[in-house]
Each structure stands twice: as structure tokens, then as C-alpha cells.
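Undergrad: The structure is given below, and queries will be raised subsequently.
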Amino acid sequence: MPSQEDKLSTLSPRDRQVLKEILEGESDPRKIAEKLGIKEVSAISSAEGLAERGLIRLDKKVEEVYALTEEGARYAEIGLPERRILETAGVEGVPISEIDPALKVGIGWLKKKGWANVEAGKIMPTGDSPAGKDEEILEALSFQGETSASALDPEVLKVLKSRGLVQPSTYKSWRFEITDAGRSEIETRTLTYGVTSHAVRGIGQITPDMIRTGKWDEESYVQYKGEQFYIRPYDVTLPAERIYPGKVHPYQRLLSRMREIMLEMGFSEIKGEIIQPSFWNFDALFQPQDHPAREMQDTFYLDSKAEIPEYSRVKEMHEHGGDVGSTGWGGIWDPEVARREVLRTHTTSISIKYLADHPNPPVKAFSIDRVYRREAIDPTHTPEFEQLEGVIMDEGLSFANLLGFLKEFYSKMGFEEVRFRPGYFPYTEPSVEPEVYIEGLGWVELGGAGVFRREVTVPFGIDHPVLAWGLGVSRLAMLRLGLKDLRLLYQSDVGWLRDVPSLARM
Amino acid sequence: MPVVRLYYEDLEEMVGAKREEIMARMAMMGADIGKSNEEDYVDVEFFPDRPDLYSSEGVARALQGFLDLKVGIPEYQVHPGDVTMEVDPSVEKVRPIIGCAVVKDLEFSDPAIESLMDLQEDLHWGLGRNRQKVAIGVHDISRVVPPFTYFAADPSFEFVPLDFNESLSMRDILRLHPKGVSYASILKGFDRYPLITDANGDVLSFPPIINGELTRVRDDTRDLFIDVTGTDPVVYKALNIVVTALAERGGRIESVQVKRPQVDLTLPDLSPAMWKVDVEDAKGLIGFDISPEELATCLARMRFGTRVRGRELEVLVPAYRADIMHPWDIFEDAAKGYGYDRLVPVLPKTVTIGEAHPLETKKSDLRDIMVGLGYLETMPFTLTSEKANFERMRRPIQDQEITRVLHPISELHTMVRTSILPSLLEIFSINQHHPLPQRIFALGDVLVRGMTRQDLAAASIHSSADFAEVRSVVDALMRELSLEPEIVASEDGAFLAGRGADLLVSGTKVGSFGEFHPLVLRSFGLDQPAVGLELRWDHLWPSVKS
């Protein structure tokens, strides 16, 4: 059994208004609705809630009522067909063949009611045709409208119903009455409910004039224009109307936080073009020209070619391994293939271009931007998503330094437990796949990292090790925001955006 | 990435260790452990640079080293054989390279046959670029009579291809046989096709398409002939990977004489490659302090042969390894042999001062302003279609401005947006069940004439949305941005005539706003008034450049 407190604190302002009317003796929902300027159904619905809480008693009566059908209404006006035939027939009678076809339905009733006989094809009135009960009912319904079945002869009703002249419906009548429990509860919490027998008038909204000129006491009373008012208190425990603030997208909050971490760690933010020549997206990263990742089915190619920088060292590296003691990929490296433009498939294209422009140590740079993959949309794949990517280039850096950085970065992201597993990326060696421990999920792979191959750095005059790592941020967002469907990040559901707290656990 | 199905029982037997022991360490060798039915098998993904791990035999070989059960370079004997392969100059143009070997005395269990078939398929994908570069044929040698000949035949030549009962011409195989249909493109433009026949003219293989039915490998097959053809010397690596995997199953490798127009070869050539690497380089790259001997141990665990020569290490790379291109590839294996879990992470000492990109700083300021105006941020896709970007907006298609992708994956994503507003209207259209008013905005990239530009778009929908509302928002935004644009009536069809305006800064249009035309609203399935604004902001401040 819930406490009274519970019962009362969940009342809406409308419930309270209805309760007040009932307390003051009003028992008819139609009248309550009129007084409060609300719909009758709303008053009934409020009252039902109050009844459930035991604050009022509610008597509901269901009555069967009858009204005329369209046809019934017409006959009430012009008379039943049998009555009209009788009128045409007079005392001499009338041949059936001469009767208006629309009235022929009345012939059977003439005989049944004993008003006429049929002789040699003629209707012969018997002369005895008093007004029937059916005619009386038609007239009454026509005059009164809906009438309770209890006031009408059931036998006659049955006949009229079978002739389709009347139709039944149900009518619910209500009666509300305050209960003792309700009365005592309200009286002990009068102010709280603003339903009161106060001697002074209550006011909902204070006015500027009242603030300036009123004589206020310590509590909620004011002497204003010679009268005493009290300011009706609210039940502060009740929820109010829901409003929605403008908000930063929860995914953007996560991206912003990662950006802050990178800036805190001394990285410079870099940006680049969405459209990249294959040269920067693939070739500069030592991806062989026949690499499967370069195929049409994985990459969005454009019908255009771009200028590319001087490429002889890149070509040499691909074909023979340049002068870094590598074997290269063999085959012929084709500059035309490198000129083909793509929507960048990773932000690494931006990183390598930046390093090529800044080949002297130290460099620490990062970017968070959208990348494109030719993938069909499903709950875990989208053709575009954000990547966080960073590089550190300096003298004497090692793979162990990369692991050290990753551990620090993930810890700042809130992942205390990180472990490292061998990985593979065509442009890094060694490569690593960091995994973080997430309660309830276990070890989750989160991003990839490695040291840029010499085949990647040397053609651009970068002589020191480059530690690089990248992270598919949307995956992290799914984990952080508890989403099962990646699409929700991009195809926004306004309800979700409104409801998800700005300060969700990040 | 190729997935290898490993049957526990088979694996335990080949490795010589219990499955628990194996599974505890497997990932640290470089593998993604996939699904398992617990009882019988586990599916494991290996990286594309390690085609030698595409078979359970190859995995077992690597695990033996990794678990310290059998370290150092595996020794494989190639016995002199009596099979000859004549290579006719006619293949030079179409598919010049061929490698062959014979492997005898095999006893095929089910896992072994499955492993061989999977290895073949994975190599076709991984090394072979879908058979273009490498294609492998495996034959029951007892059905044919050496010497064999590799030549380019006329497409009218007929034989019975695998899985067929009657003979077909090579031309018809490309049209009618499932494999022919799949791979016909590799032979497009050639007027003669590669073929391998025996002394009687019977067909072993029509590479890279299909084998002959004659040499089908059956349960009772004991001796295999293997042909690998292609366009790149990686053909020989693929041959080595297949024959050494079969040798791990107890096969006896026999050589084949490949007689070529210029130089003859005796294959397979399983002699290891020798690399000399500097121990200090390895220590510097990985960042661990170990002795040359320890380094050698780590490499032996990864099945390399090693010999310490002062500060240098001689490393013998097994003939089946296709990934060693540079000393760093060897160093990475040393780190794996050492154990990634044993490496001590050290924070780099590099000192730099971080700097935000001005574009992102501005973006963040704009976001603050829009949130302050009560707008909810959204982050729609940048991929869109001409229909959404232009037609539904009643805007003419600007062909010279658009970046279309060549092979769109859906009709909804054929180009990168030139405007963000259509995406906001799409968001309204999928959110009609939520209470109004809805006010949303988005900041992000648009692509105009191939250049990435920055737009801000905002829109508001509710029963009394009108021009005055959006004008107020634009005015507030402009005040906050210290901009004093000229506002002129707009011709933009997206807006109602007389209820749309353009924003000009120094005479250049930087944006537009207004009350959407009901035809625009209807085209997005909306039936409430809506207003919107879009501003191209990246060039509005001298300090900000893309």
C-alpha cells in the first residue's frame, strides 16, 4: 500500500483542479469540464485517477439508450408507409398496382396490424387503425433525442429495431463524490493542494505592481490594494512541463574531449582535404598499387585525377626498396594510378602529407576528421565515420615509446587497463592493436598503431622514427554511449538527443 | 582477412601441446581469435602479410616455435624428382611464370584436405589478387604421364573441366563453367589461353581458371603434382607455402625441372634467404635492452635461423615467409618472440606545445552560439544524392560544383553534399513523432568544386515558424560573430518568394536563409512550417583557412 504522500504527490495540476471541484460538491463531469474549460473526457480521466488513489468515490452507470435512424427520423416526420397507404386508399380501397413502390413495404404491416385486407388485388381498409405504440415511440424519440431504453416498451423497441428505424447505443453516466479519506487528506495538506476553504483569496502569479506596492509578510501572504491574498504554493515535488535545452551532440562531446586530451598532451591539430589523390592516401604510405584495400569495392573513387608531387623516390621505393635496404614490392609503379582521386579512406593521408611538409623533429600532430569507406550501411558499418589519428616524430623514439604513449592516452580516456597485441598495417612495422578492458564486455580492440616503415618516411626526407596511431572514434562512441546501432550517431533521433544527458559518463 | 579453421584435435597433434596452452598464447603471435564451437574447432584470422599462416599446418609450425617446442628454422628436404615441365615461349605474353613441385606419400585425413583447399583459396585471395597474380593447381599425378608442357593454346581446344562430364572448349569454359565466369576477366584480350598438358596431351590445368577432371584429388590420392602460375615472382613463394605445408603433413617433396626458354629452374627452391641485421638497430626500434643471444632466441622462437656475429645477427628467413622486406620486419618478429606483453611501455620525452587548429576553434565557438540559441546539434552524413541536395530543395543541379563518387553503393549516397540544410530537413522528416518545436543545427564539411569547405546550417520547425524567427536568429548570430553582412532578397527556390534572403559579405554571398517553400517541405514529407539558414564560414576570418 503506497503512503498518502505517494498518492498525492503524483497528482497533476489538472487532477488537483478536478479534485477541488469535487470537494466543493460538484458531481457531474460535464459541469466540472465546463467550469474548468477542459474536455469532459479529461475530467473523467482525472477523476478515475483520483478514485484509484481513494480520494473520491466514483459511480459509473451504463445505460442503454435509443435514437432514431435516418429512416426512422423520416417516418417520424411523414408517417410510416402503412399509414400513408391507408391515407391513399380512403374507404374505397386502392389496387396494389397503383401503390407507390416506395410504400409497398407497408402492405405486410397493414395486414399484420389488422388495418386492411387484400381482396382481388385491392387494399381494403378495415376502418380500425388507431395510432400504434410504435408511432408514439417514433414521435417521442424524434422530440427528445436519445432516450433511455428503460422508459420505452421493450416489445415495440424490438420491432422498431428489426425494421431498422431505431438504433441502440450505450451511455455512461458518472457521479463523483469526495471520500472521507480524501477529505481528511486534503484538510491536513490544504496549502499543498491549493484546494482550500481559506478565508483569503489565493493568487497564482504575482505581478510587478504587487511586488512594488504590496505589504509582504514573512510567509506567503500579501496586503495588496486593501485586501489580503496568499500566494498559492506549488507542490515542489511534482514534475513540471518538459523543456529541452539546445545541446552539443553527445558524440561531439566525446570528440571534443579527445581533442582536448591531444592538445593537453602537446599535439598540434592538423586538417586536410576530403578528396585526396591516391598518392597521399595509398602510395605515400607504401601500399602497393595492387593492394586489395585500393580496389573499387572498398574505396570511393572519383572520376578525376590530381597533380601529385615529385614522385621518383616513392616510385623507386615501391619498385626496388630505394636505399633503405628493403626489397620493395617489385613490379612497375604507375604515377597515373597514384593520380586517381579518392574520398580519403583514412586520416593517415593527412598525417603523412603533414610530415612531408615538416620533416624535422620534433613533430607531434593529430587530427579528428571524417573518413570514407565504400561500405553498405548496417548497425555496425557506415560509409563515413570519424577517425582520430596522431603521429609523434622525434630522434631516438622506439616502439616501447609508442606503447607508453598509448597507455597514457587510453588512461586519459578513462581506460585504466590496456594491453597490446601484435597487429598488421601495411605502413607500420612493428604494428600493434591496443585492447582496453571494459566492464561487462571484456577486452575490446580499440584502434591500431605502429612505427611508420622506413619505406614510408625516407622518400619524404623524414629521418627519425614516426610513431603513429589511429582510432575509429565511432566505435568508442558506441561503447561510451551504450549504442547498439552506429547509425543513430548520424541519423539523429531528436528524442534520443533530447534525452541523453550532456554529462553522461564519459 | 583470411580465416583459418583449426580443429583442436588435429592442431594438438601437430603442435604437440594441449589446446588450453595453445589458445592462451595464440593471440600474442598475431591473430584475431574468432568464433569457436568450443568442442571441435576455432576460427582464427591471420594478417594478410602472413600467407604462410593460412593453413593449419603453417599455424602449427609457427606455434611450435612460439611455445618453445621446436625452435629455429624448419628443415625441408627436396628430393631429386624425375618430372619435367616444358615451358613454351607462347605463355610469355599471357601468363609467363610457372612453378611446380611433386609431393608424395601423403595420407589425407579430412582436416588435411580441408586445410589444403582453404590454403589454396586464401592464397588466391591474399597473394594472388584473386588469381590474377597467382593461381594454384593441385593434381593427382598418378592419372597423368610426365613430361608436362605449359603453353598457350587456341581457345577452341577442348577438354573435360573439373566438375563436368563432357568436354568443353576453353572458350566455352569461360562462358559456361562457374569458375570460368568468375575469372574470365583475367584472360580478357588474349587470343590464346594458358594450358598444362601431359605427354599424351591430356589436360592437367587451364590456369588460372580450372583444372581438368582427370587429375581430381580423391580420398585415395597419395602423390600430388602442384602447379602455380602467374605474373609475378611471388608465384614461387606461393609454391613454397603449399609444399612446406604438405611436408608438415608428412609429404615427401620432390623437385621438378622447369625448362624455360632462357634459364631452367629446379623447383621448389626452399633455400632460406639470409639477412644480416644490426642488434643495436633492433634494440633502438623496439626499445628493449637485450643481448644478441637473447635476440637470437626470440627470433628462433619465430622459426628463423640465427647466428650471432658480434653486434650483427645473421638471420635465415624460411622460404615460406613472404613478408620479410626489410630488417624492421625481422625486428617486429623479434618483439613478438620476446612477447608484446613483456615490453615495458615508456612515455616519450618529446616536448612540444600543442596548438589547436583555428578552423576547429571557430567551429567550437559557432557551436556555443547555436546551443545558446536553443538549437540541438546533429551530425548527419556528408554523403547524399542529387535528389536530396538539389531536387527536393528546388535548387538547380550545379554540375560543375558537385563531387560524385564513381561507384555509389546506394542511390542515397551518390555525391558529397554541397549544402547541409537538406540533411536537416531529412532529420525533421524522420522525427515527426517527437514534439515540436524542433530546432537543430549541424556544423561540418561540404565539398564544392572539389574543395572541402565549412558550413553551418540550422533549421526550426513548428506551427508558427516564419521568416521573422529565422531573421532574428541570423541577426543574433551575425552580432555574435561581429559580422555586418548585407542582406538582400534571395532567388533561392528553397524558400518562399519574398521570404528568403541572401547574406553578402564584401559583396560575396556567404549564406542564405528563409522560410522553406511548401513544395520543399512536402518533398521531405513535412507538413509543418519550417525555416532554415546556412552560412559558409571558413573564409570569413583572415586567420582561418582550410
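Residue names in the C-alpha cells use chain letters A, B, ... in the order shown, residue numbers from 1 in each chain, and ligand numbers from 1 in the order shown.
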With a distance threshold of 7 Å and counting only C-alpha atoms, extract the residues of chain B near chain A and express them as a PyMOL selection string.
TA: chain B and resi 27-30+47+284-287+325-326+328-329+332+340-341+343-348+350+352-357+371-381+404-407+409+427+431+434+450-452
Undergrad: Which residues, written as a PyMOL selection string, have at least one atom at most 9 Å from A:Pro168, with only C-alpha atoms counted and residues fewer than 2 positions away on the same chain left out?
TA: chain A and resi 64-68+149+161+166+170
Undergrad: Emit the selected residues as a PDB file, in the first residue's frame, including C-alpha atoms.
TA:
ATOM      1  CA  GLU A  64     -28.788   1.533 -22.959  1.00  0.00           C
ATOM      2  CA  VAL A  65     -30.323   4.397 -24.921  1.00  0.00           C
ATOM      3  CA  TYR A  66     -32.178   4.517 -28.221  1.00  0.00           C
ATOM      4  CA  ALA A  67     -32.238   7.065 -31.010  1.00  0.00           C
ATOM      5  CA  LEU A  68     -33.865   7.220 -34.465  1.00  0.00           C
ATOM      6  CA  ALA A 149     -34.403   2.048 -23.020  1.00  0.00           C
ATOM      7  CA  LYS A 161     -35.106  -2.172 -34.204  1.00  0.00           C
ATOM      8  CA  VAL A 166     -34.150   2.902 -34.171  1.00  0.00           C
ATOM      9  CA  THR A 170     -24.697   2.873 -24.510  1.00  0.00           C
TER      10      THR A 170
END
Undergrad: Skip A:Leu481 itself and residues of its chain fewer than 2 positions away, then list as a PDB file with N, CA and C atoms, in the first residue's frame all residues within 8 Å of it, counting only C-alpha atoms.
TA:
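Result saved to part-v7.pdb:
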ATOM      1  N   PRO A 250      26.020  14.421 -28.234  1.00  0.00           N
ATOM      2  CA  PRO A 250      26.834  13.626 -27.294  1.00  0.00           C
ATOM      3  C   PRO A 250      28.103  13.062 -27.941  1.00  0.00           C
ATOM      4  N   ALA A 477      32.449   5.629 -29.375  1.00  0.00           N
ATOM      5  CA  ALA A 477      31.210   6.322 -29.006  1.00  0.00           C
ATOM      6  C   ALA A 477      30.109   5.313 -28.702  1.00  0.00           C
ATOM      7  N   MET A 478      30.045   4.255 -29.504  1.00  0.00           N
ATOM      8  CA  MET A 478      29.035   3.222 -29.259  1.00  0.00           C
ATOM      9  C   MET A 478      29.204   2.645 -27.858  1.00  0.00           C
ATOM     10  N   LEU A 479      30.465   2.379 -27.509  1.00  0.00           N
ATOM     11  CA  LEU A 479      30.726   1.810 -26.189  1.00  0.00           C
ATOM     12  C   LEU A 479      30.364   2.805 -25.098  1.00  0.00           C
ATOM     13  N   LEU A 483      25.338   2.508 -27.339  1.00  0.00           N
ATOM     14  CA  LEU A 483      24.519   2.336 -28.540  1.00  0.00           C
ATOM     15  C   LEU A 483      24.746   0.966 -29.156  1.00  0.00           C
ATOM     16  N   ALA A 504      26.770  12.607 -19.538  1.00  0.00           N
ATOM     17  CA  ALA A 504      26.790  11.152 -19.434  1.00  0.00           C
ATOM     18  C   ALA A 504      28.214  10.759 -19.056  1.00  0.00           C
TER      19      ALA A 504
END
Undergrad: Using only C-alpha atoms, which of the listed residues (B:Ile186, B:Ala199, B:Leu127, B:Ile397) sits closest to B:Tyr54?
TA: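 Once distances to B:Tyr54 are computed over only C-alpha atoms, the minimum belongs to B:Leu127.
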Undergrad: Quick one: of A:Gln289, A:Gln17, A:Ser148, A:Ser474, who's nearest to A:Glu386, counting only C-alpha atoms?
TA: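 With only C-alpha atoms as the atom set, the closest residue is A:Ser474.
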Undergrad: Would you list the contacts of stretch 169-174 of chain B as a PyMOL selection string, taking every protein, DNA or RNA residue within 7 Å and counting only C-alpha atoms, but skipping same-chain residues closer than 6 positions in sequence?
TA: chain B and resi 155-159+180-181+184
Undergrad: So that I have them on file, write out the residues from the current selection with C-alpha atoms, as a compact mmCIF listing (two decimals), in the first residue's frame.
TA:
# COMPACT_ATOMS: atom_id res chain seq x y z
CA PRO B 155 40.57 -21.14 -77.27
CA SER B 156 38.85 -23.83 -79.35
CA PHE B 157 40.86 -26.53 -77.56
CA GLU B 158 38.53 -28.91 -75.71
CA PHE B 159 38.85 -30.94 -72.51
CA GLY B 180 35.22 -19.64 -65.94
CA VAL B 181 32.56 -17.00 -65.50
CA ALA B 184 37.23 -14.85 -67.37
Undergrad: Between atom CA of B:Pro161 and atom CA of B:Leu123, measure the distance and give it in Å to one decimal.
TA: 21.6 Å
Undergrad: What lies within 8 Å of A:Ser97 using only C-alpha atoms, ignoring chain neighbours under 2 positions off, as a list in words?
TA: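 Everything that qualifies: Pro95, Ile99 and Gly121 of chain A.
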